[in-house]
Every structure is written in structure tokens, then in C-alpha cells.
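One file, data.pdb, is given below (PDB, C-alpha atoms and all ligand atoms).
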ATOM      1  CA  MET A   1      10.277  69.479  24.627  1.00  0.00           C
ATOM      2  CA  ASN A   2       9.835  67.094  21.685  1.00  0.00           C
ATOM      3  CA  ILE A   3      11.429  68.355  18.516  1.00  0.00           C
ATOM      4  CA  SER A   4      10.755  66.518  15.310  1.00  0.00           C
ATOM      5  CA  ILE A   5      12.166  67.311  11.916  1.00  0.00           C
ATOM      6  CA  VAL A   6      10.030  65.975   9.108  1.00  0.00           C
ATOM      7  CA  THR A   7      12.032  65.885   5.944  1.00  0.00           C
ATOM      8  CA  VAL A   8      11.726  64.552   2.396  1.00  0.00           C
ATOM      9  CA  GLY A   9      14.171  61.989   1.031  1.00  0.00           C
ATOM     10  CA  LYS A  10      16.838  59.763   2.440  1.00  0.00           C
ATOM     11  CA  LEU A  11      20.091  61.283   3.617  1.00  0.00           C
ATOM     12  CA  LYS A  12      22.928  59.695   1.677  1.00  0.00           C
ATOM     13  CA  GLU A  13      26.020  61.831   2.180  1.00  0.00           C
ATOM     14  CA  LYS A  14      28.234  60.545   4.982  1.00  0.00           C
ATOM     15  CA  TYR A  15      29.573  63.995   5.921  1.00  0.00           C
ATOM     16  CA  LEU A  16      26.034  65.314   6.453  1.00  0.00           C
ATOM     17  CA  LYS A  17      24.990  62.199   8.385  1.00  0.00           C
ATOM     18  CA  GLN A  18      27.948  62.616  10.737  1.00  0.00           C
ATOM     19  CA  GLY A  19      27.212  66.300  11.327  1.00  0.00           C
ATOM     20  CA  ILE A  20      23.522  65.668  11.976  1.00  0.00           C
ATOM     21  CA  GLU A  21      24.311  62.788  14.341  1.00  0.00           C
ATOM     22  CA  GLU A  22      26.746  64.980  16.263  1.00  0.00           C
ATOM     23  CA  TYR A  23      24.318  67.888  16.721  1.00  0.00           C
ATOM     24  CA  SER A  24      21.395  65.557  17.430  1.00  0.00           C
ATOM     25  CA  LYS A  25      23.469  63.957  20.190  1.00  0.00           C
ATOM     26  CA  ARG A  26      24.286  67.377  21.659  1.00  0.00           C
ATOM     27  CA  LEU A  27      20.672  68.499  21.353  1.00  0.00           C
ATOM     28  CA  SER A  28      19.403  65.369  23.108  1.00  0.00           C
ATOM     29  CA  ALA A  29      20.733  66.813  26.381  1.00  0.00           C
ATOM     30  CA  TYR A  30      17.985  69.473  26.128  1.00  0.00           C
ATOM     31  CA  ALA A  31      15.130  67.952  24.139  1.00  0.00           C
ATOM     32  CA  LYS A  32      13.903  64.745  22.577  1.00  0.00           C
ATOM     33  CA  ILE A  33      14.854  64.891  18.926  1.00  0.00           C
ATOM     34  CA  ASP A  34      13.317  62.795  16.212  1.00  0.00           C
ATOM     35  CA  ILE A  35      14.209  62.991  12.524  1.00  0.00           C
ATOM     36  CA  ILE A  36      11.456  61.602  10.326  1.00  0.00           C
ATOM     37  CA  GLU A  37      12.369  60.920   6.705  1.00  0.00           C
ATOM     38  CA  ILE A  38       9.516  60.507   4.275  1.00  0.00           C
ATOM     39  CA  PRO A  39      10.171  59.053   0.794  1.00  0.00           C
ATOM     40  CA  ASP A  40      10.473  61.543  -2.028  1.00  0.00           C
ATOM     41  CA  GLU A  41       8.137  61.166  -4.985  1.00  0.00           C
ATOM     42  CA  LYS A  42      10.081  59.828  -7.965  1.00  0.00           C
ATOM     43  CA  ALA A  43       9.798  62.228 -10.873  1.00  0.00           C
ATOM     44  CA  PRO A  44      11.567  62.928 -14.182  1.00  0.00           C
ATOM     45  CA  GLU A  45      13.982  65.884 -14.489  1.00  0.00           C
ATOM     46  CA  THR A  46      11.558  68.057 -16.417  1.00  0.00           C
ATOM     47  CA  LEU A  47       8.035  68.473 -15.126  1.00  0.00           C
ATOM     48  CA  SER A  48       5.072  70.583 -16.105  1.00  0.00           C
ATOM     49  CA  GLU A  49       3.597  73.006 -13.558  1.00  0.00           C
ATOM     50  CA  GLN A  50       0.760  70.537 -12.984  1.00  0.00           C
ATOM     51  CA  GLU A  51       3.143  67.610 -12.441  1.00  0.00           C
ATOM     52  CA  MET A  52       5.180  69.653  -9.989  1.00  0.00           C
ATOM     53  CA  LEU A  53       2.054  70.383  -7.977  1.00  0.00           C
ATOM     54  CA  GLN A  54       1.221  66.681  -7.976  1.00  0.00           C
ATOM     55  CA  VAL A  55       4.678  65.695  -6.722  1.00  0.00           C
ATOM     56  CA  LYS A  56       4.586  68.337  -3.974  1.00  0.00           C
ATOM     57  CA  GLY A  57       1.033  67.285  -3.128  1.00  0.00           C
ATOM     58  CA  LYS A  58       1.984  63.623  -2.675  1.00  0.00           C
ATOM     59  CA  GLU A  59       5.028  64.484  -0.596  1.00  0.00           C
ATOM     60  CA  GLY A  60       2.878  66.918   1.372  1.00  0.00           C
ATOM     61  CA  GLU A  61       0.351  64.189   2.249  1.00  0.00           C
ATOM     62  CA  ARG A  62       3.181  62.005   3.542  1.00  0.00           C
ATOM     63  CA  ILE A  63       4.574  64.899   5.584  1.00  0.00           C
ATOM     64  CA  LEU A  64       1.196  65.720   7.115  1.00  0.00           C
ATOM     65  CA  SER A  65       0.586  62.070   8.045  1.00  0.00           C
ATOM     66  CA  LYS A  66       3.634  62.257  10.334  1.00  0.00           C
ATOM     67  CA  ILE A  67       2.556  65.381  12.199  1.00  0.00           C
ATOM     68  CA  PRO A  68       0.390  64.980  15.299  1.00  0.00           C
ATOM     69  CA  ASP A  69      -2.618  67.313  15.611  1.00  0.00           C
ATOM     70  CA  ASP A  70      -1.228  69.007  18.699  1.00  0.00           C
ATOM     71  CA  ALA A  71       2.178  69.791  17.186  1.00  0.00           C
ATOM     72  CA  HIS A  72       3.269  73.357  16.529  1.00  0.00           C
ATOM     73  CA  VAL A  73       4.497  73.265  12.943  1.00  0.00           C
ATOM     74  CA  ILE A  74       7.320  75.454  11.663  1.00  0.00           C
ATOM     75  CA  ALA A  75       7.765  75.170   7.903  1.00  0.00           C
ATOM     76  CA  LEU A  76      11.185  75.946   6.484  1.00  0.00           C
ATOM     77  CA  ALA A  77      10.699  78.097   3.424  1.00  0.00           C
ATOM     78  CA  ILE A  78      12.957  80.452   1.503  1.00  0.00           C
ATOM     79  CA  GLU A  79      10.236  83.101   1.552  1.00  0.00           C
ATOM     80  CA  GLY A  80       9.475  82.502   5.235  1.00  0.00           C
ATOM     81  CA  LYS A  81      10.271  84.658   8.270  1.00  0.00           C
ATOM     82  CA  MET A  82      13.918  85.418   8.849  1.00  0.00           C
ATOM     83  CA  LYS A  83      15.125  85.345  12.443  1.00  0.00           C
ATOM     84  CA  SER A  84      18.361  85.734  14.301  1.00  0.00           C
ATOM     85  CA  SER A  85      19.543  82.800  16.427  1.00  0.00           C
ATOM     86  CA  GLU A  86      18.426  84.727  19.514  1.00  0.00           C
ATOM     87  CA  GLU A  87      14.960  85.224  17.997  1.00  0.00           C
ATOM     88  CA  LEU A  88      14.633  81.522  17.223  1.00  0.00           C
ATOM     89  CA  ALA A  89      15.680  80.801  20.814  1.00  0.00           C
ATOM     90  CA  GLU A  90      12.981  83.213  22.033  1.00  0.00           C
ATOM     91  CA  THR A  91      10.363  81.541  19.810  1.00  0.00           C
ATOM     92  CA  LEU A  92      11.159  78.118  21.281  1.00  0.00           C
ATOM     93  CA  ASP A  93      11.210  79.527  24.790  1.00  0.00           C
ATOM     94  CA  LYS A  94       7.788  81.168  24.335  1.00  0.00           C
ATOM     95  CA  LEU A  95       6.319  77.952  22.903  1.00  0.00           C
ATOM     96  CA  ALA A  96       7.558  76.062  25.970  1.00  0.00           C
ATOM     97  CA  THR A  97       6.035  78.731  28.235  1.00  0.00           C
ATOM     98  CA  TYR A  98       2.678  78.379  26.446  1.00  0.00           C
ATOM     99  CA  GLY A  99       2.803  74.620  27.035  1.00  0.00           C
ATOM    100  CA  LYS A 100       3.586  73.674  23.450  1.00  0.00           C
ATOM    101  CA  SER A 101       5.739  70.615  23.931  1.00  0.00           C
ATOM    102  CA  LYS A 102       5.674  69.205  20.400  1.00  0.00           C
ATOM    103  CA  ILE A 103       7.433  71.221  17.757  1.00  0.00           C
ATOM    104  CA  ALA A 104       7.638  69.889  14.210  1.00  0.00           C
ATOM    105  CA  PHE A 105      10.021  71.544  11.768  1.00  0.00           C
ATOM    106  CA  VAL A 106       9.284  70.632   8.152  1.00  0.00           C
ATOM    107  CA  ILE A 107      11.803  70.667   5.304  1.00  0.00           C
ATOM    108  CA  GLY A 108      10.547  70.219   1.762  1.00  0.00           C
ATOM    109  CA  GLY A 109      11.970  68.154  -1.076  1.00  0.00           C
ATOM    110  CA  SER A 110      13.675  69.473  -4.204  1.00  0.00           C
ATOM    111  CA  LEU A 111      10.449  71.160  -5.368  1.00  0.00           C
ATOM    112  CA  GLY A 112       9.569  72.662  -1.981  1.00  0.00           C
ATOM    113  CA  LEU A 113       6.502  72.290   0.227  1.00  0.00           C
ATOM    114  CA  SER A 114       2.879  71.899  -0.879  1.00  0.00           C
ATOM    115  CA  LYS A 115       0.163  74.484  -0.229  1.00  0.00           C
ATOM    116  CA  ASP A 116      -1.479  72.104   2.264  1.00  0.00           C
ATOM    117  CA  VAL A 117       1.699  71.815   4.327  1.00  0.00           C
ATOM    118  CA  MET A 118       2.079  75.606   4.307  1.00  0.00           C
ATOM    119  CA  LYS A 119      -1.550  75.922   5.413  1.00  0.00           C
ATOM    120  CA  ARG A 120      -0.965  73.517   8.313  1.00  0.00           C
ATOM    121  CA  ALA A 121       2.157  75.430   9.396  1.00  0.00           C
ATOM    122  CA  ASN A 122       1.761  77.662  12.439  1.00  0.00           C
ATOM    123  CA  ASP A 123       4.885  79.561  11.505  1.00  0.00           C
ATOM    124  CA  THR A 124       7.568  79.736   8.822  1.00  0.00           C
ATOM    125  CA  LEU A 125      11.323  80.061   9.037  1.00  0.00           C
ATOM    126  CA  SER A 126      13.748  81.250   6.389  1.00  0.00           C
ATOM    127  CA  PHE A 127      17.510  80.872   6.686  1.00  0.00           C
ATOM    128  CA  SER A 128      18.064  83.520   3.981  1.00  0.00           C
ATOM    129  CA  ARG A 129      16.766  84.131   0.486  1.00  0.00           C
ATOM    130  CA  MET A 130      19.285  81.620  -0.821  1.00  0.00           C
ATOM    131  CA  THR A 131      18.289  78.088  -1.774  1.00  0.00           C
ATOM    132  CA  PHE A 132      19.990  75.352   0.219  1.00  0.00           C
ATOM    133  CA  PRO A 133      19.833  71.654  -0.639  1.00  0.00           C
ATOM    134  CA  HIS A 134      17.240  70.104   1.663  1.00  0.00           C
ATOM    135  CA  GLN A 135      19.768  67.650   3.093  1.00  0.00           C
ATOM    136  CA  LEU A 136      22.180  70.416   4.065  1.00  0.00           C
ATOM    137  CA  MET A 137      19.230  72.361   5.492  1.00  0.00           C
ATOM    138  CA  ARG A 138      18.724  69.517   7.951  1.00  0.00           C
ATOM    139  CA  LEU A 139      22.229  69.948   9.350  1.00  0.00           C
ATOM    140  CA  ILE A 140      21.927  73.742   9.575  1.00  0.00           C
ATOM    141  CA  LEU A 141      18.564  73.426  11.327  1.00  0.00           C
ATOM    142  CA  VAL A 142      19.756  70.910  13.948  1.00  0.00           C
ATOM    143  CA  GLU A 143      22.730  73.144  14.739  1.00  0.00           C
ATOM    144  CA  GLN A 144      20.521  76.229  15.095  1.00  0.00           C
ATOM    145  CA  VAL A 145      18.016  74.431  17.322  1.00  0.00           C
ATOM    146  CA  TYR A 146      20.899  73.221  19.505  1.00  0.00           C
ATOM    147  CA  ARG A 147      22.259  76.785  19.598  1.00  0.00           C
ATOM    148  CA  ALA A 148      18.786  78.049  20.576  1.00  0.00           C
ATOM    149  CA  PHE A 149      18.660  75.739  23.602  1.00  0.00           C
ATOM    150  CA  ARG A 150      22.167  76.816  24.646  1.00  0.00           C
ATOM    151  CA  ILE A 151      21.137  80.479  24.364  1.00  0.00           C
ATOM    152  CA  ASN A 152      17.983  79.859  26.428  1.00  0.00           C
ATOM    153  CA  ARG A 153      20.003  78.135  29.147  1.00  0.00           C
ATOM    154  CA  GLY A 154      22.482  81.010  29.196  1.00  0.00           C
ATOM    155  CA  GLU A 155      25.226  78.559  28.365  1.00  0.00           C
ATOM    156  CA  PRO A 156      28.353  79.672  26.547  1.00  0.00           C
ATOM    157  CA  TYR A 157      28.384  79.190  22.832  1.00  0.00           C
ATOM    158  CA  HIS A 158      31.151  80.488  20.662  1.00  0.00           C
ATOM    159  CA  LYS A 159      29.656  83.226  18.563  1.00  0.00           C
TER
HETATM  160  C1  LIG A 201      15.947  72.636  -2.521  1.00  0.00           C
HETATM  161  S1  LIG A 201      14.837  73.477  -1.476  1.00  0.00           S
HETATM  162  C2  LIG A 201      13.396  73.669  -2.491  1.00  0.00           C
HETATM  163  C3  LIG A 201      13.521  74.741  -3.474  1.00  0.00           C
HETATM  164  C4  LIG A 201      12.191  75.076  -4.088  1.00  0.00           C
HETATM  165  N1  LIG A 201      12.423  75.630  -5.378  1.00  0.00           N
HETATM  166  C5  LIG A 201      11.447  76.098  -3.207  1.00  0.00           C
HETATM  167  O1  LIG A 201      11.335  77.245  -3.627  1.00  0.00           O
HETATM  168  O2  LIG A 201      11.003  75.753  -2.116  1.00  0.00           O
HETATM  169  C6  LIG A 201      14.264  72.207  -0.401  1.00  0.00           C
HETATM  170  C7  LIG A 201      13.740  72.648   0.924  1.00  0.00           C
HETATM  171  O3  LIG A 201      14.808  73.098   1.729  1.00  0.00           O
HETATM  172  C8  LIG A 201      14.352  74.118   2.586  1.00  0.00           C
HETATM  173  N2  LIG A 201      15.158  75.332   2.294  1.00  0.00           N
HETATM  174  C9  LIG A 201      16.068  75.519   1.326  1.00  0.00           C
HETATM  175  N3  LIG A 201      16.614  76.745   1.411  1.00  0.00           N
HETATM  176  C10 LIG A 201      16.046  77.338   2.479  1.00  0.00           C
HETATM  177  C11 LIG A 201      16.189  78.624   3.108  1.00  0.00           C
HETATM  178  N4  LIG A 201      17.042  79.549   2.664  1.00  0.00           N
HETATM  179  N5  LIG A 201      15.444  78.877   4.209  1.00  0.00           N
HETATM  180  C12 LIG A 201      14.569  77.960   4.698  1.00  0.00           C
HETATM  181  N6  LIG A 201      14.383  76.740   4.133  1.00  0.00           N
HETATM  182  C13 LIG A 201      15.104  76.440   3.045  1.00  0.00           C
HETATM  183  C14 LIG A 201      12.858  74.332   2.322  1.00  0.00           C
HETATM  184  O4  LIG A 201      12.112  73.584   3.247  1.00  0.00           O
HETATM  185  C15 LIG A 201      12.702  73.765   0.920  1.00  0.00           C
HETATM  186  O5  LIG A 201      11.407  73.288   0.704  1.00  0.00           O
END
Let me see the structure of the file written as C-alpha cells.
Ligand SMILES: C[S@@+](CC[C@H](N)C(=O)[O-])C[C@H]1O[C@@H](n2cnc3c(N)ncnc32)[C@H](O)[C@@H]1O
Amino acid sequence: MNISIVTVGKLKEKYLKQGIEEYSKRLSAYAKIDIIEIPDEKAPETLSEQEMLQVKGKEGERILSKIPDDAHVIALAIEGKMKSSEELAETLDKLATYGKSKIAFVIGGSLGLSKDVMKRANDTLSFSRMTFPHQLMRLILVEQVYRAFRINRGEPYHK
């Protein structure tokens, strides 16, 4: 399975980089993992509603340009579907059974994801109703995808 994580902005924090590298390495035993960073749209601190839509729209176009037509897209969104780790594992297992070999998880920038990205998404995933920084979200996601593969293989994973 090819897992890609399309994400907005460059990861700067060393502690997050190290964590993501570690889980990506572990995950690579089960799937091909690709983290695609797209540049965030530079914007002032305060923005009008219209400007916010424009920023999200531009970032959205960049995100969509990185997603192949045959990819199954899962958009990370606070208001998305909440799943247990076992349910995420089941989702990935079912996709593999249906021959879906390209899965693209999408993480938005500080303003979130555009309407067009949400429209392209085949599914959504929420990690709770809390807002996480998008860079931390990357680490949490890689760990949960790794956990999902371990669950599907019936391999031990401390709970
Ligand atoms: C800082 S958040 C954006 C917050 C923005 N106000 C919104 O409502 O989307 C950046 C990105 O991280 C991801 N994210 C943050 N918290 C999340 C959560 N609890 N569940 C799923 N994704 C989350 C989403 O992809 C979001 O677009």
C-alpha cells in the first residue's frame, strides 16, 4: 500500500521531525510512506472572511495538484468522522481488499482545508473535537497509521 500524507507548511520543530522520522521508519516495514509538504500561503495575522477563503483556496489547489486521480483521499478535519484505532485499521484493511493501493491523507494549514479539497475527499477523519497544530497532527497521524498496520497484522502493540 502507498500511503501519502499531503500537508501544508514546512516542519521546523526538531522534536516533531524526530518523532515523524521514527514512526515513518517503523511504518515503512508495512507500506510505502511519502510525506508531501506544500508551501503555506503567506498571509497577515488578521484576515477578512474573503481573504481566508482565498488563502485556503490557494493552498487547496497546491494540495490537489499532489494527489493522483486514483488515490483514495482521507481529509483530516476537526468536524470529520471519529474512529477508534481499530476502526481506522479496519478502514485501511477494507481499502486494501477493494484494491485501493494509494491512500492520501490530507492535513490542512492554520486556516484548515478548502471546500474543493473537502469535495475531493472520499472520507474524513477527526482525532477529536479539539484543534491540534497541523505539524503535531502529522506525528499523531503517522503513529496511528503505524498502529493500524500492527493491528491488522495481529502484531502486539502496547495499548
Ligand atoms: C490548526 S488546524 C486548522 C484549524 C482550522 N480552524 C479548522 O477548523 O480547520 C490545521 C489542520 O490540522 C488538522 N487537524 C487539527 N486538529 C484536528 C483534529 N482534532 N482532527 C483531525 N484533524 C485535525 C486538520 O487537517 C486542520 O486543517
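For ligand LIG 201 (chain A), the neighbouring protein, DNA and RNA residues, which are those within 7 Å when all atoms listed in the file are counted, are Ala75, Leu76, Ala77, Ile78, Gly80, Val106, Ile107, Gly108, Gly109, Ser110, Leu111, Gly112, Leu113, Leu125, Ser126, Phe127, Ser128, Arg129, Met130, Thr131, Phe132, Pro133, His134 and Met137 of chain A.
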The PyMOL selection byres (((chain A and resi 87-101) around 12) and not hetatm) resolved against shown file, as an NGL selection string: :A and (1-4 or 31-33 or 68-74 or 81-86 or 102-105 or 122-127 or 141 or 143-154)
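We find atom CA of Ile5 of chain A and atom CA of Asp116 of chain A to be spaced 17.4 Å apart.
Reported to one decimal place, the separation of atom CA of Gly9 of chain A from atom CA of Lys58 of chain A is 12.8 Å.
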Pick from A:Leu139, A:Glu37, A:Glu79, A:Lys66, whichever lies nearest to Lys10 of chain A using only C-alpha atoms: A:Glu37
Selection near Lys42 of chain A, 10 Å with all atoms listed in the file, sequence-local residues under 3 positions removed, as an MDAnalysis selection string: chainID A and resid 39 45 55
Hits of the PyMOL selection byres (((chain A and resi 20-24) around 9) and not hetatm) in this structure, as a ChimeraX atom specification: /A:15-19,25-28,33-34,138-140,142-143,146
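The spacing separating atom CA of Ile36 of chain A from atom CA of Val8 of chain A amounts to 8.5 Å.
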Minimum-distance residue to Met52 of chain A, chosen among A:Tyr157, A:Lys115, A:Ala121, A:Lys14 (using only C-alpha atoms): A:Lys115
